[in-house]
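Working notes, structure below.
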Amino acid sequence: MRFVSRGAASYVASLTLAALGLVGQGCGRPYEPQTPDGFVELTDGARDYDSSAHEYRASTADGVVLGVRAWENEPKVDLGLAVRALETRVRLGEGYALLSKKDVRARDATKGVQLDFGHDESGDAHHYSAFVFVTDDYVYIVEAGGKKDLFERARPSIDWFIKNFDPS
Amino acid sequence: MRKLSPREGWLAAVLAVVMLASACAKGEPPQAPHGVMRESGGAATGMDSPAEPAPAPPADASKEEDDGYSLQASFGDNAKTQPGGPSQKPAPQPGVGIDDPSRKQPILIYKAEFSLSVYEVEKSLNAVEGLAKDAGGYLSRRDDRSITVRIPAQKFQEMVDAIAKVGDVLHRDVVSEDVTAEYRDLEIQLQNQLAMRARFEKLLEKAAKVEEALQIEKELGRITGDIERIKGRLKLLADQARYSTITVKFEPRSSAQVQKGPFVLPLPFLNQVGLRRLMSL
């Protein structure tokens with residue numbers, strides 16, 4: 001005795017597979033990125049794409065890039081240590097100029113720190129912002145970077161992204 | 001001589017102790033001669049925070065560089081002041097020692113080296129060059145990522161403070177080298193060589209034989225060479241004392257300098273941050 005027709009079964013199977021595909025692509029990340037205005041999400045075809053860190057990247061038409069990565073918080077670090085380590089690495093190790101540092105909050109009120117740097121790339125002044133959030137499970141690094149004047153133009157979108165960033 | 005009573009004996013002992021204590025009391029002992037003083041470090045925070053104050057020229061270098069010229073004077077001065085009181089000598093002023101006819105000021109050569117972050121490098125190079133010219137100095141060397149300027153020694157401190165505001169200081173190294181002893185030695189050597197040359201010239205006038213004259217000429221040649229060498233060295237030291245040297249480089253610190261400890265932090269993201277990676281699309 002057949003309860004479901006073959007056609008219905010294959011239809012349900014297709015829907016299930018499609019849903020699983022969606023899960024694999026976006027919903028598997030330990031955060032929910034909201035691509036801001038003026039940016040387009042880049043797929044995992046981008047160079048150096050790090051799937052182990054659940055990477056997300058988006059770019060404007062003129063090359064301002066937004067990126068998010070999340071690593072398991074193991075061994076456990078707190079926000080202060082993660083920020084200090086990153087600041088030392090970028091500033092002293094890479095020669096970036098630290099322009100400012102301030103506290104920020106994600107959409108779910110997770111505390112974070114925003115570090116703004118300046119650095120010359122091929123003779124042009126660039127801006128680079130790193131936002132650090134730490135939860136019990138993950139360390140999140142959100143990065144944004146681009147040429148100085150283009151970055152300033154994209155800053156409202158970047159600020160919006162952080163306000164709507166949900167590390168949960 | 002009569003025998004002292006116990007009371008007189010006690011009084012004599014107390015008096016002896018008091019006299020001994022006052023004889024032993026003196027000012028701070030003279031410091032050993034000190035050739036080079038160095039202060040180095042990096043700013044703790046970025047450009048928005050005030051830069052850490054640059055070191056002043058050694059406040060008591062007049063004590064520290066005790067080179068024998070003023071040793072007796074120090075003891076003499078200290079004997080007249082309160083026991084344990086500080087020396088009354090003023091701090092040496094940069095660039096003054098070389099032109100001090102009394103020869104009491106030390107001759108100090110100041111050098112500073114900065115590592116600044118690699119940001120708006122061209123603008124910062126121009127700023128440093130501008131600061132040097134405003135201070136009465138000049139450009140010594142410049143390339144894409146570094147600049148060396150010479151500035152009047154009196155403006156050294158001011159210049160160090162100003163450069164700290166030009167960019168994010170990753171590292172600073174300030175050195176003050178006391179060359180007083182060497183300079184004085186060279187002056188004495190020069191006097192001696194000049195006197196010797198004068199004597200040989202007189203001998204040459206009296207030389208009767210050609211062989212004698214040739215020998216004297218040979219010695220004169222050697223002495224003249226020594227004189228020129230000493231004059232050259234004196235001129236170099238005087239120039240370095242009058243004009244301090246400041247080098248500014250725009251470069252990150254090496255990983256060996258950043259990771260001073262034997263450990264590496266187990267944070268996977270540390271090696272994967274920055275513009276290069278982010279913008280490699």
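Ligands are numbered from 1 in the order shown, residues from 1 within each chain, and chains are lettered A, B, ... in the order they appear in the structure tokens.
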
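Within 7 Å of chain B, and counting only C-alpha atoms, chain A contributes Ala46, Arg47, Val65, Gly67, Leu86, Arg89, Val90, Leu92, Gly93, Glu94, Gly95, Tyr96, Ala97, Leu98, Leu99, Ser100, Gly118, His119, Asp120, Ala125, Tyr128 and Gly145 of chain A.
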
Next, the residues of the selection above should be written as a short mmCIF file (atom, residue, chain, number, x, y, z; two decimals), in the first residue's frame with C-alpha atoms.
```cif
data_model
loop_
_atom_site.label_atom_id
_atom_site.label_comp_id
_atom_site.auth_asym_id
_atom_site.auth_seq_id
_atom_site.Cartn_x
_atom_site.Cartn_y
_atom_site.Cartn_z
CA ALA A 46 37.41 34.59 -3.27
CA ARG A 47 41.12 33.99 -2.78
CA VAL A 65 35.92 45.29 1.58
CA GLY A 67 34.92 40.64 6.14
CA LEU A 86 45.52 42.03 17.63
CA ARG A 89 50.29 42.40 15.88
CA VAL A 90 48.82 44.94 13.50
CA LEU A 92 54.00 46.84 15.77
CA GLY A 93 54.21 43.79 13.55
CA GLU A 94 52.67 45.31 10.43
CA GLY A 95 53.47 48.98 11.04
CA TYR A 96 49.88 50.20 11.01
CA ALA A 97 49.12 53.52 12.70
CA LEU A 98 46.54 53.20 15.44
CA LEU A 99 44.17 56.10 14.88
CA SER A 100 41.51 55.35 17.47
CA GLY A 118 45.86 53.67 8.87
CA HIS A 119 48.38 52.09 6.53
CA ASP A 120 49.94 52.89 3.20
CA ALA A 125 46.81 55.87 2.40
CA TYR A 128 41.58 49.46 8.14
CA GLY A 145 39.36 48.22 4.68
#
```

Self-check item: DSSP strand (DSSP E or B) residues within range 74-232 of chain B, listed as a PyMOL selection string
Solution: chain B and resi 108-116+138-142+146-152+169-178

Quiz prompt | Near-Glu201 in chain B list (9 Å; only C-alpha atoms; drop same-chain fewer than 4 positions) as a ChimeraX atom specification | solution = /B:196-197,205-206,216-217,220

Kindly export the residues of the current selection with all heavy atoms, as a PDB file, in the first residue's frame.
```pdb
ATOM      1  N   MET B 196     105.657  70.230  18.379  1.00  0.00           N
ATOM      2  CA  MET B 196     106.708  69.371  17.827  1.00  0.00           C
ATOM      3  C   MET B 196     107.030  69.798  16.402  1.00  0.00           C
ATOM      4  O   MET B 196     108.188  69.820  15.989  1.00  0.00           O
ATOM      5  CB  MET B 196     106.248  67.913  17.866  1.00  0.00           C
ATOM      6  CG  MET B 196     107.412  66.954  17.684  1.00  0.00           C
ATOM      7  SD  MET B 196     107.008  65.221  17.812  1.00  0.00           S
ATOM      8  CE  MET B 196     106.279  65.110  19.398  1.00  0.00           C
ATOM      9  N   ARG B 197     105.996  70.157  15.665  1.00  0.00           N
ATOM     10  CA  ARG B 197     106.234  70.576  14.283  1.00  0.00           C
ATOM     11  C   ARG B 197     107.085  71.839  14.266  1.00  0.00           C
ATOM     12  O   ARG B 197     108.016  71.958  13.448  1.00  0.00           O
ATOM     13  CB  ARG B 197     104.910  70.810  13.566  1.00  0.00           C
ATOM     14  CG  ARG B 197     105.114  71.129  12.068  1.00  0.00           C
ATOM     15  CD  ARG B 197     103.832  71.116  11.280  1.00  0.00           C
ATOM     16  NE  ARG B 197     102.978  72.230  11.608  1.00  0.00           N
ATOM     17  CZ  ARG B 197     101.831  72.483  10.998  1.00  0.00           C
ATOM     18  NH1 ARG B 197     101.407  71.697  10.040  1.00  0.00           N
ATOM     19  NH2 ARG B 197     101.103  73.513  11.345  1.00  0.00           N
ATOM     20  N   GLU B 205     115.785  74.184   9.583  1.00  0.00           N
ATOM     21  CA  GLU B 205     116.535  75.388   9.185  1.00  0.00           C
ATOM     22  C   GLU B 205     118.021  75.223   9.467  1.00  0.00           C
ATOM     23  O   GLU B 205     118.866  75.761   8.761  1.00  0.00           O
ATOM     24  CB  GLU B 205     116.012  76.605   9.952  1.00  0.00           C
ATOM     25  CG  GLU B 205     114.690  77.142   9.438  1.00  0.00           C
ATOM     26  CD  GLU B 205     114.062  78.130  10.404  1.00  0.00           C
ATOM     27  OE1 GLU B 205     114.743  78.597  11.354  1.00  0.00           O
ATOM     28  OE2 GLU B 205     112.868  78.421  10.238  1.00  0.00           O
ATOM     29  N   LYS B 206     118.305  74.471  10.555  1.00  0.00           N
ATOM     30  CA  LYS B 206     119.710  74.326  10.953  1.00  0.00           C
ATOM     31  C   LYS B 206     120.375  73.103  10.324  1.00  0.00           C
ATOM     32  O   LYS B 206     121.556  72.874  10.526  1.00  0.00           O
ATOM     33  CB  LYS B 206     119.807  74.185  12.471  1.00  0.00           C
ATOM     34  CG  LYS B 206     119.391  75.426  13.220  1.00  0.00           C
ATOM     35  CD  LYS B 206     119.430  75.186  14.736  1.00  0.00           C
ATOM     36  CE  LYS B 206     118.872  76.386  15.441  1.00  0.00           C
ATOM     37  NZ  LYS B 206     118.684  76.128  16.870  1.00  0.00           N
ATOM     38  N   ILE B 216     114.386  64.935   8.638  1.00  0.00           N
ATOM     39  CA  ILE B 216     113.509  65.899   9.329  1.00  0.00           C
ATOM     40  C   ILE B 216     112.238  66.119   8.514  1.00  0.00           C
ATOM     41  O   ILE B 216     111.132  66.193   9.060  1.00  0.00           O
ATOM     42  CB  ILE B 216     114.255  67.230   9.578  1.00  0.00           C
ATOM     43  CG1 ILE B 216     115.412  66.985  10.561  1.00  0.00           C
ATOM     44  CG2 ILE B 216     113.302  68.283  10.124  1.00  0.00           C
ATOM     45  CD1 ILE B 216     116.364  68.160  10.706  1.00  0.00           C
ATOM     46  N   GLU B 217     112.430  66.208   7.185  1.00  0.00           N
ATOM     47  CA  GLU B 217     111.250  66.404   6.321  1.00  0.00           C
ATOM     48  C   GLU B 217     110.278  65.234   6.481  1.00  0.00           C
ATOM     49  O   GLU B 217     109.055  65.404   6.497  1.00  0.00           O
ATOM     50  CB  GLU B 217     111.678  66.473   4.845  1.00  0.00           C
ATOM     51  CG  GLU B 217     112.401  67.737   4.475  1.00  0.00           C
ATOM     52  CD  GLU B 217     111.446  68.841   4.040  1.00  0.00           C
ATOM     53  OE1 GLU B 217     110.228  68.690   4.234  1.00  0.00           O
ATOM     54  OE2 GLU B 217     111.914  69.845   3.509  1.00  0.00           O
ATOM     55  N   LEU B 220     108.510  65.608   9.655  1.00  0.00           N
ATOM     56  CA  LEU B 220     107.547  66.702   9.521  1.00  0.00           C
ATOM     57  C   LEU B 220     106.310  66.237   8.768  1.00  0.00           C
ATOM     58  O   LEU B 220     105.187  66.618   9.108  1.00  0.00           O
ATOM     59  CB  LEU B 220     108.205  67.877   8.776  1.00  0.00           C
ATOM     60  CG  LEU B 220     108.954  68.891   9.647  1.00  0.00           C
ATOM     61  CD1 LEU B 220     109.691  69.892   8.779  1.00  0.00           C
ATOM     62  CD2 LEU B 220     107.992  69.604  10.587  1.00  0.00           C
TER      63      LEU B 220
END
```

Quiz item: Where in range 75-272 of chain B does DSSP assign helix (DSSP H, G or I), given as a ChimeraX atom specification?
Solution: /B:75-80,97-99,121-134,153-163,180-206,210-242,255-258,268-272

Self-check item: Distance in Å - CA of Ser140 in chain B versus CA of Lys235 in chain B
Solution: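 Spanning CA of Ser140 in chain B to CA of Lys235 in chain B is a straight-line distance of 17.5 Å.
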